[in-house]
>>> print(open('model27.csv').read())   # CSV, C-alpha atoms
chain,number,residue,atom,x,y,z
A,817,MET,CA,0.0,0.0,0.0
A,818,ASP,CA,1.6,3.3,-1.1
A,819,ALA,CA,1.2,6.7,0.6
A,820,SER,CA,-1.6,8.0,-1.6
A,821,GLU,CA,-3.6,4.8,-1.1
A,822,ARG,CA,-3.1,5.1,2.7
A,823,ALA,CA,-4.2,8.7,2.6
A,824,GLU,CA,-7.3,7.7,0.6
A,825,LYS,CA,-8.1,4.9,3.0
A,826,SER,CA,-7.8,7.0,6.1
A,827,SER,CA,-10.0,9.7,4.5
A,828,GLU,CA,-12.7,7.2,3.7
A,829,LEU,CA,-12.4,5.8,7.2
A,830,ARG,CA,-12.7,9.3,8.6
A,831,SER,CA,-15.9,9.8,6.5
A,832,TYR,CA,-17.6,6.8,8.0
A,833,LEU,CA,-16.5,7.9,11.5
A,834,ILE,CA,-17.8,11.4,11.1
A,835,GLY,CA,-21.1,10.1,9.6
A,836,PHE,CA,-21.5,7.6,12.5
A,837,GLY,CA,-20.7,10.3,15.1
A,838,LEU,CA,-23.3,12.8,13.6
A,839,ALA,CA,-25.9,10.1,13.3
A,840,VAL,CA,-25.5,9.0,16.9
A,841,LEU,CA,-25.6,12.7,18.0
A,842,LEU,CA,-28.8,13.4,16.0
A,843,THR,CA,-30.5,10.2,17.2
A,844,ALA,CA,-29.6,11.0,20.8
A,845,ILE,CA,-31.1,14.6,20.4
A,846,ALA,CA,-34.4,13.2,19.1
A,847,PHE,CA,-34.7,10.4,21.7
A,848,GLY,CA,-33.5,12.9,24.4
A,849,ALA,CA,-36.2,15.4,23.5
A,850,VAL,CA,-38.8,12.7,23.9
A,851,LEU,CA,-37.5,11.2,27.1
A,852,VAL,CA,-37.1,14.5,28.9
A,853,GLY,CA,-40.9,14.7,28.6
A,854,GLU,CA,-41.2,18.3,29.9
A,855,TRP,CA,-41.3,20.3,26.7
A,856,PRO,CA,-44.5,21.1,24.8
A,857,ARG,CA,-45.5,18.4,22.4
A,858,ALA,CA,-45.3,20.6,19.3
A,859,THR,CA,-41.7,21.6,20.1
A,860,VAL,CA,-40.6,18.0,20.6
A,861,ARG,CA,-42.2,17.0,17.3
A,862,TRP,CA,-40.4,19.8,15.4
A,863,ILE,CA,-37.1,18.6,17.0
A,864,ILE,CA,-37.8,15.0,15.9
A,865,ALA,CA,-38.7,16.2,12.3
A,866,GLY,CA,-35.7,18.4,12.1
A,867,THR,CA,-33.1,15.9,13.3
A,868,ALA,CA,-34.7,13.2,11.1
A,869,VAL,CA,-34.2,15.3,8.0
A,870,VAL,CA,-30.7,16.2,8.9
A,871,GLN,CA,-29.9,12.6,9.7
A,872,VAL,CA,-31.2,11.4,6.3
A,873,ILE,CA,-28.9,13.9,4.6
A,874,VAL,CA,-26.0,12.7,6.9
A,875,HIS,CA,-26.6,9.1,5.9
A,876,PHE,CA,-26.7,10.0,2.2
A,877,ARG,CA,-23.6,12.0,2.4
A,878,PHE,CA,-21.4,9.9,4.6
A,879,PHE,CA,-22.6,6.3,4.2
A,880,LEU,CA,-23.9,6.4,0.6
A,881,HIS,CA,-21.3,9.0,-0.4
A,882,ILE,CA,-23.7,11.1,-2.4
A,883,ASP,CA,-22.3,14.7,-2.8
A,884,LEU,CA,-22.4,17.5,-5.3
A,885,SER,CA,-19.5,16.2,-7.4
A,886,LYS,CA,-20.0,15.8,-11.1
A,887,SER,CA,-19.5,12.0,-11.1
A,888,LYS,CA,-22.5,11.6,-8.8
A,889,SER,CA,-24.9,14.1,-10.5
A,890,ASP,CA,-26.9,11.3,-12.2
A,891,ASP,CA,-27.5,9.6,-8.9
A,892,LEU,CA,-28.2,12.9,-7.1
A,893,GLN,CA,-30.8,13.9,-9.8
A,894,LEU,CA,-32.4,10.4,-9.6
A,895,ILE,CA,-32.7,10.8,-5.8
A,896,LEU,CA,-34.0,14.4,-5.9
A,897,PHE,CA,-36.5,13.6,-8.6
A,898,SER,CA,-37.7,10.6,-6.6
A,899,PHE,CA,-38.1,12.8,-3.5
A,900,LEU,CA,-40.0,15.4,-5.5
A,901,ILE,CA,-42.5,12.8,-6.8
A,902,LEU,CA,-42.8,11.3,-3.3
A,903,ALA,CA,-43.4,14.6,-1.7
A,904,MET,CA,-46.3,15.2,-4.0
A,905,MET,CA,-47.7,11.7,-3.6
A,906,VAL,CA,-47.3,11.4,0.2
A,907,GLY,CA,-48.0,15.1,0.9
A,908,GLY,CA,-51.1,15.0,-1.4
A,909,THR,CA,-52.4,11.8,0.2
A,910,ILE,CA,-52.1,13.1,3.7
A,911,TRP,CA,-53.5,16.5,2.8
A,912,ILE,CA,-56.6,15.1,1.0
A,913,LEU,CA,-57.4,12.5,3.6
A,914,ALA,CA,-56.9,14.8,6.5
A,915,ASN,CA,-59.2,17.3,4.8
A,916,LEU,CA,-61.8,14.6,4.2
A,917,GLN,CA,-61.6,13.4,7.8
A,918,ALA,CA,-62.1,17.0,9.1
A,919,ARG,CA,-65.2,17.4,6.9
A,920,MET,CA,-66.6,14.0,8.1
A,921,MET,CA,-66.4,15.1,11.7
B,166,MET,CA,-5.4,10.4,-4.3
B,167,SER,CA,-5.8,8.0,-7.1
B,168,GLU,CA,-6.1,9.2,-10.7
B,169,PHE,CA,-9.2,7.1,-11.2
B,170,SER,CA,-12.3,9.2,-11.5
B,171,LEU,CA,-15.2,8.4,-9.2
B,172,LYS,CA,-17.9,6.5,-11.1
B,173,HIS,CA,-20.7,6.2,-8.7
B,174,PRO,CA,-21.8,6.8,-5.1
B,175,GLY,CA,-20.5,4.6,-2.4
B,176,ILE,CA,-17.1,3.2,-2.1
B,177,ASN,CA,-15.4,3.3,-5.5
B,178,LEU,CA,-12.9,0.5,-6.1
B,179,GLY,CA,-10.7,2.8,-8.2
B,180,ALA,CA,-7.1,1.9,-8.6
B,181,ASN,CA,-7.3,-1.1,-6.3
B,182,ASP,CA,-9.3,-3.0,-8.9
B,183,PRO,CA,-9.5,-1.1,-12.2
B,184,GLU,CA,-11.5,-3.8,-14.0
B,185,ALA,CA,-14.2,-4.0,-11.4
B,186,HIS,CA,-14.2,-0.3,-11.1
B,187,GLU,CA,-15.1,0.2,-14.7
B,188,ALA,CA,-17.7,-2.6,-14.6
B,189,ALA,CA,-19.4,-1.2,-11.5
B,190,GLU,CA,-20.7,2.1,-12.9
B,191,GLU,CA,-23.7,0.7,-14.8
B,192,VAL,CA,-24.9,-1.9,-12.4
B,193,VAL,CA,-24.6,0.5,-9.4
B,194,PHE,CA,-26.7,3.1,-11.2
B,195,GLY,CA,-29.2,0.4,-12.0
B,196,PHE,CA,-29.3,-0.6,-8.4
B,197,TRP,CA,-30.0,3.0,-7.4
B,198,VAL,CA,-33.0,2.9,-9.7
B,199,PHE,CA,-34.2,-0.2,-7.8
B,200,LEU,CA,-33.5,1.5,-4.4
B,201,MET,CA,-35.6,4.6,-5.4
B,202,SER,CA,-38.5,2.3,-6.5
B,203,ASP,CA,-38.2,0.6,-3.2
B,204,LEU,CA,-38.4,4.0,-1.6
B,205,ILE,CA,-41.7,4.7,-3.3
B,206,LEU,CA,-43.1,1.5,-1.8
B,207,PHE,CA,-42.0,2.6,1.7
B,208,SER,CA,-43.2,6.2,1.2
B,209,LEU,CA,-46.7,5.0,0.3
B,210,LEU,CA,-46.7,2.8,3.4
B,211,PHE,CA,-45.7,5.9,5.4
B,212,ALA,CA,-48.5,7.8,3.8
B,213,THR,CA,-51.0,5.0,4.7
B,214,PHE,CA,-49.7,5.0,8.2
B,215,VAL,CA,-50.0,8.7,8.7
B,216,THR,CA,-53.6,8.8,7.4
B,217,MET,CA,-54.4,5.9,9.8
B,218,ILE,CA,-52.6,7.4,12.8
B,219,ASP,CA,-55.8,8.2,14.7
B,220,ALA,CA,-57.8,5.2,13.4
B,221,THR,CA,-57.4,3.2,16.6
B,222,ALA,CA,-61.1,2.0,16.6
B,223,GLY,CA,-61.1,2.3,20.4
B,224,GLY,CA,-58.0,0.0,20.7
B,225,PRO,CA,-54.6,0.9,22.0
B,226,GLY,CA,-52.5,3.7,20.4
B,227,GLY,CA,-48.8,4.1,20.0
B,228,LYS,CA,-48.3,5.8,23.3
B,229,GLU,CA,-49.5,2.8,25.3
B,230,LEU,CA,-47.9,0.2,23.0
B,231,PHE,CA,-44.4,1.4,22.2
B,232,ASP,CA,-41.4,0.9,24.5
B,233,PRO,CA,-38.8,3.7,24.1
B,234,ARG,CA,-36.0,1.5,25.4
B,235,SER,CA,-36.7,-1.2,22.8
B,236,VAL,CA,-36.9,1.4,20.0
B,237,ALA,CA,-33.6,3.0,21.2
B,238,ALA,CA,-31.9,-0.5,21.3
B,239,GLU,CA,-33.2,-1.3,17.8
B,240,THR,CA,-32.0,2.1,16.5
B,241,GLY,CA,-28.6,1.7,18.0
B,242,VAL,CA,-28.1,-1.8,16.7
B,243,LEU,CA,-29.1,-0.9,13.2
B,244,LEU,CA,-26.9,2.3,13.1
B,245,ALA,CA,-23.9,0.3,14.4
B,246,SER,CA,-24.5,-2.3,11.6
B,247,SER,CA,-24.5,0.4,9.0
B,248,PHE,CA,-21.1,1.5,10.4
B,249,THR,CA,-19.7,-2.0,10.5
B,250,PHE,CA,-20.8,-2.5,6.8
B,251,GLY,CA,-18.8,0.6,6.0
B,252,MET,CA,-15.8,-1.1,7.6
B,253,ALA,CA,-16.4,-4.2,5.5
B,254,SER,CA,-16.5,-2.0,2.3
B,255,ILE,CA,-13.2,-0.5,3.3
B,256,ALA,CA,-11.6,-3.9,4.0
B,257,MET,CA,-12.8,-5.1,0.6
B,258,LYS,CA,-11.5,-2.0,-1.3
B,259,TYR,CA,-8.0,-2.0,0.3
B,260,ARG,CA,-7.4,-5.7,-0.3
B,261,SER,CA,-7.2,-6.5,3.3
B,262,ASN,CA,-7.0,-10.1,4.3
B,263,ARG,CA,-10.2,-11.8,3.2
B,264,GLY,CA,-10.7,-12.8,6.8
B,265,VAL,CA,-11.1,-9.1,7.8
B,266,LEU,CA,-13.9,-8.6,5.3
B,267,LEU,CA,-15.6,-11.7,6.4
B,268,LEU,CA,-15.3,-10.7,10.0
B,269,TRP,CA,-16.9,-7.3,9.4
B,270,LEU,CA,-19.7,-8.9,7.4
B,271,ALA,CA,-20.3,-11.4,10.2
B,272,VAL,CA,-20.5,-8.6,12.8
B,273,THR,CA,-23.0,-6.7,10.5
B,274,LEU,CA,-25.0,-9.9,10.1
B,275,LEU,CA,-25.0,-10.4,13.9
B,276,LEU,CA,-26.2,-6.9,14.5
B,277,GLY,CA,-28.9,-7.3,11.8
B,278,LEU,CA,-30.1,-10.5,13.5
B,279,THR,CA,-30.2,-8.8,16.9
B,280,PHE,CA,-32.3,-6.1,15.4
B,281,LEU,CA,-34.7,-8.6,14.0
B,282,GLY,CA,-34.9,-10.4,17.3
B,283,LEU,CA,-35.7,-7.2,19.2
B,284,GLU,CA,-38.4,-6.3,16.6
B,285,LEU,CA,-39.9,-9.8,16.7
B,286,HIS,CA,-40.0,-9.6,20.4
B,287,ASP,CA,-41.9,-6.3,20.2
B,288,PHE,CA,-44.4,-7.6,17.7
B,289,ILE,CA,-45.1,-10.7,19.8
B,290,SER,CA,-45.6,-8.8,22.9
B,291,MET,CA,-47.9,-6.4,21.1
B,292,ILE,CA,-50.0,-9.2,19.7
B,293,GLY,CA,-50.0,-10.8,23.2
B,294,LYS,CA,-51.6,-7.6,24.5
B,295,GLY,CA,-54.4,-7.9,21.9
B,296,ALA,CA,-52.8,-5.3,19.6
B,297,GLY,CA,-52.3,-7.4,16.5
B,298,PRO,CA,-52.7,-6.1,12.9
B,299,ASP,CA,-56.4,-7.1,12.9
B,300,ARG,CA,-57.2,-4.8,15.9
B,301,SER,CA,-57.5,-1.4,14.1
B,302,GLY,CA,-56.6,0.5,10.9
B,303,PHE,CA,-53.7,2.1,12.9
B,304,LEU,CA,-52.3,-1.3,13.8
B,305,SER,CA,-52.7,-2.7,10.3
B,306,ALA,CA,-50.8,0.2,8.9
B,307,PHE,CA,-48.2,-0.1,11.6
B,308,PHE,CA,-47.5,-3.8,11.0
B,309,ALA,CA,-47.5,-3.2,7.2
B,310,LEU,CA,-44.9,-0.5,7.4
B,311,VAL,CA,-42.6,-1.8,10.2
B,312,GLY,CA,-43.1,-5.4,9.1
B,313,MET,CA,-42.0,-4.4,5.5
B,314,HIS,CA,-38.8,-2.9,6.8
B,315,GLY,CA,-38.3,-6.0,8.9
B,316,LEU,CA,-38.7,-8.2,5.8
B,317,HIS,CA,-36.1,-6.1,4.0
B,318,VAL,CA,-33.6,-6.5,6.8
B,319,THR,CA,-34.3,-10.3,6.7
B,320,ALA,CA,-33.6,-10.3,3.0
B,321,GLY,CA,-30.5,-8.2,3.6
B,322,SER,CA,-29.3,-10.7,6.2
B,323,ILE,CA,-29.8,-13.6,3.8
B,324,TRP,CA,-27.9,-11.6,1.2
B,325,ILE,CA,-25.0,-11.1,3.6
B,326,VAL,CA,-24.8,-14.9,4.2
B,327,VAL,CA,-24.8,-15.5,0.4
B,328,MET,CA,-22.0,-13.0,-0.1
B,329,MET,CA,-19.9,-14.5,2.7
B,330,VAL,CA,-20.3,-17.9,1.0
B,331,GLN,CA,-19.5,-16.4,-2.4
B,332,THR,CA,-16.4,-14.7,-1.0
B,333,LEU,CA,-15.2,-18.1,0.4
B,334,VAL,CA,-16.0,-20.1,-2.7
B,335,PHE,CA,-15.1,-17.7,-5.5
B,336,GLY,CA,-12.7,-15.4,-3.8
B,337,LEU,CA,-12.9,-11.7,-4.3
B,338,SER,CA,-13.5,-11.7,-8.0
B,339,ALA,CA,-14.8,-8.5,-9.8
B,340,ASP,CA,-18.4,-9.9,-9.8
B,341,VAL,CA,-18.3,-10.7,-6.1
B,342,LYS,CA,-16.9,-7.2,-5.2
B,343,ILE,CA,-19.6,-5.4,-7.2
B,344,ARG,CA,-22.3,-7.5,-5.5
B,345,ILE,CA,-20.9,-6.5,-2.1
B,346,LEU,CA,-20.9,-2.9,-3.2
B,347,ARG,CA,-24.6,-3.1,-4.0
B,348,LEU,CA,-25.4,-5.0,-0.8
B,349,GLY,CA,-23.7,-2.1,1.0
B,350,LEU,CA,-26.0,0.4,-0.7
B,351,PHE,CA,-29.0,-1.7,0.2
B,352,TRP,CA,-28.0,-2.0,3.8
B,353,HIS,CA,-27.3,1.7,4.3
B,354,PHE,CA,-30.6,2.5,2.5
B,355,LEU,CA,-32.5,0.3,5.1
B,356,ASP,CA,-31.0,2.4,7.9
B,357,ILE,CA,-32.3,5.6,6.2
B,358,ILE,CA,-35.8,4.0,6.1
B,359,TRP,CA,-35.4,3.2,9.8
B,360,VAL,CA,-34.7,6.9,10.6
B,361,GLY,CA,-38.1,7.6,9.1
B,362,ILE,CA,-39.8,4.8,11.0
B,363,PHE,CA,-38.3,5.7,14.4
B,364,SER,CA,-39.2,9.4,13.9
B,365,VAL,CA,-42.6,9.2,12.3
B,366,VAL,CA,-44.0,6.0,14.0
B,367,TYR,CA,-42.3,5.7,17.4
B,368,LEU,CA,-41.0,9.1,18.6
B,369,ARG,CA,-44.0,11.0,17.3
B,370,ALA,CA,-46.3,8.7,19.3
B,371,LEU,CA,-44.2,8.8,22.4
B,372,ALA,CA,-43.7,12.6,22.3
>>> encode(input="model27.csv", output="structure tokens")
Amino acid sequence: MDASERAEKSSELRSYLIGFGLAVLLTAIAFGAVLVGEWPRATVRWIIAGTAVVQVIVHFRFFLHIDLSKSKSDDLQLILFSFLILAMMVGGTIWILANLQARMM
Amino acid sequence: MSEFSLKHPGINLGANDPEAHEAAEEVVFGFWVFLMSDLILFSLLFATFVTMIDATAGGPGGKELFDPRSVAAETGVLLASSFTFGMASIAMKYRSNRGVLLLWLAVTLLLGLTFLGLELHDFISMIGKGAGPDRSGFLSAFFALVGMHGLHVTAGSIWIVVMMVQTLVFGLSADVKIRILRLGLFWHFLDIIWVGIFSVVYLRALA
């Protein structure tokens, strides 16, 4: 193993360690907010939602190695397009059915 | 840094195996298309779950049923398994002793099976309390969503065993390496789905 390979290996190892550390931290914040049990429910739910979104990005970046570099732009576009479609399908479903439920009350 | 350009997300084999590196680009992109269609399946189960969240039909809701310690244990085990799979990928890429790769895969498999054991224990205790999937719309949607993730982890665990056997029988040929790359993407992807499950299903109910 030459020097450049060793440098590459340690940088990839560091990437997994950073990702793992951030994921543990974000998970701990979300669980901590629930287990403290003193904050208003809406605040806790916003904390859960926020940490979940950041954690998904952390997983994509550090475990699946998706970033903004050119070689990954196909995959990034595929992922972003899938998320766009899903946001419409999931958001639309929840919106319509919540509205229907409210009217049935 | 190597002079090989990065071809796809995930660990690139690069200069360590130029032949497999070239061959990986297409199949890995194809595998991403599969992952995104799998994501659609999960998203619609999430949508179903959210619309059913109050449909408890007088039965127990999430707050009475979910045990935060069990969820925390499952989350920790699955997150650790994602990290150990990363170590397996690194061992494979840098031509470590084949035993090192097999060891990390075995640790990942063990963590995956621990996760499944904890989840099965949860399911059985819920059904024992009369909160099976037939109790209410909420519980049907819960078992469909969380059970689907559990089935995926089961499939991933079987795949890990298959890749360990292939590594032993065929050695680390280009084909075997590219299969392990895709298994890695699948495994990390399941952890992302779990982030959604513990946030939307468990923590939201317990908050």
>>> atom_distance(input="model27.csv", atom1="atom CA of Thr319 of chain B", atom2="atom CA of Asp356 of chain B")
13.2 Å
>>> atom_distance(input="model27.csv", atom1="atom CA of Ala222 of chain B", atom2="atom CA of Met291 of chain B")
16.3 Å
>>> atom_distance(input="model27.csv", atom1="atom CA of Arg347 of chain B", atom2="atom CA of Val326 of chain B")
14.4 Å
>>> interface_residues(input="model27.csv", of="chain A", to="chain B", cutoff="8 Å", atoms="all atoms listed in the file", output="ChimeraX atom specification")
/A:820-821,823-825,828-829,832-833,836,839-840,846-847,850-851,853,857,860-861,864-865,868,871-872,875,879-882,887-888,891,894-895,898,902,905-907,909-910,913-914
>>> residues_around(input="model27.csv", residues="segment 267-282 of chain B", least_positions_apart="4", cutoff="7 Å", atoms="only C-alpha atoms", output="JSON, numbers by chain")
{"B": [239, 242, 243, 246, 249, 250, 252, 253, 263, 286, 315, 318, 322, 325, 329]}
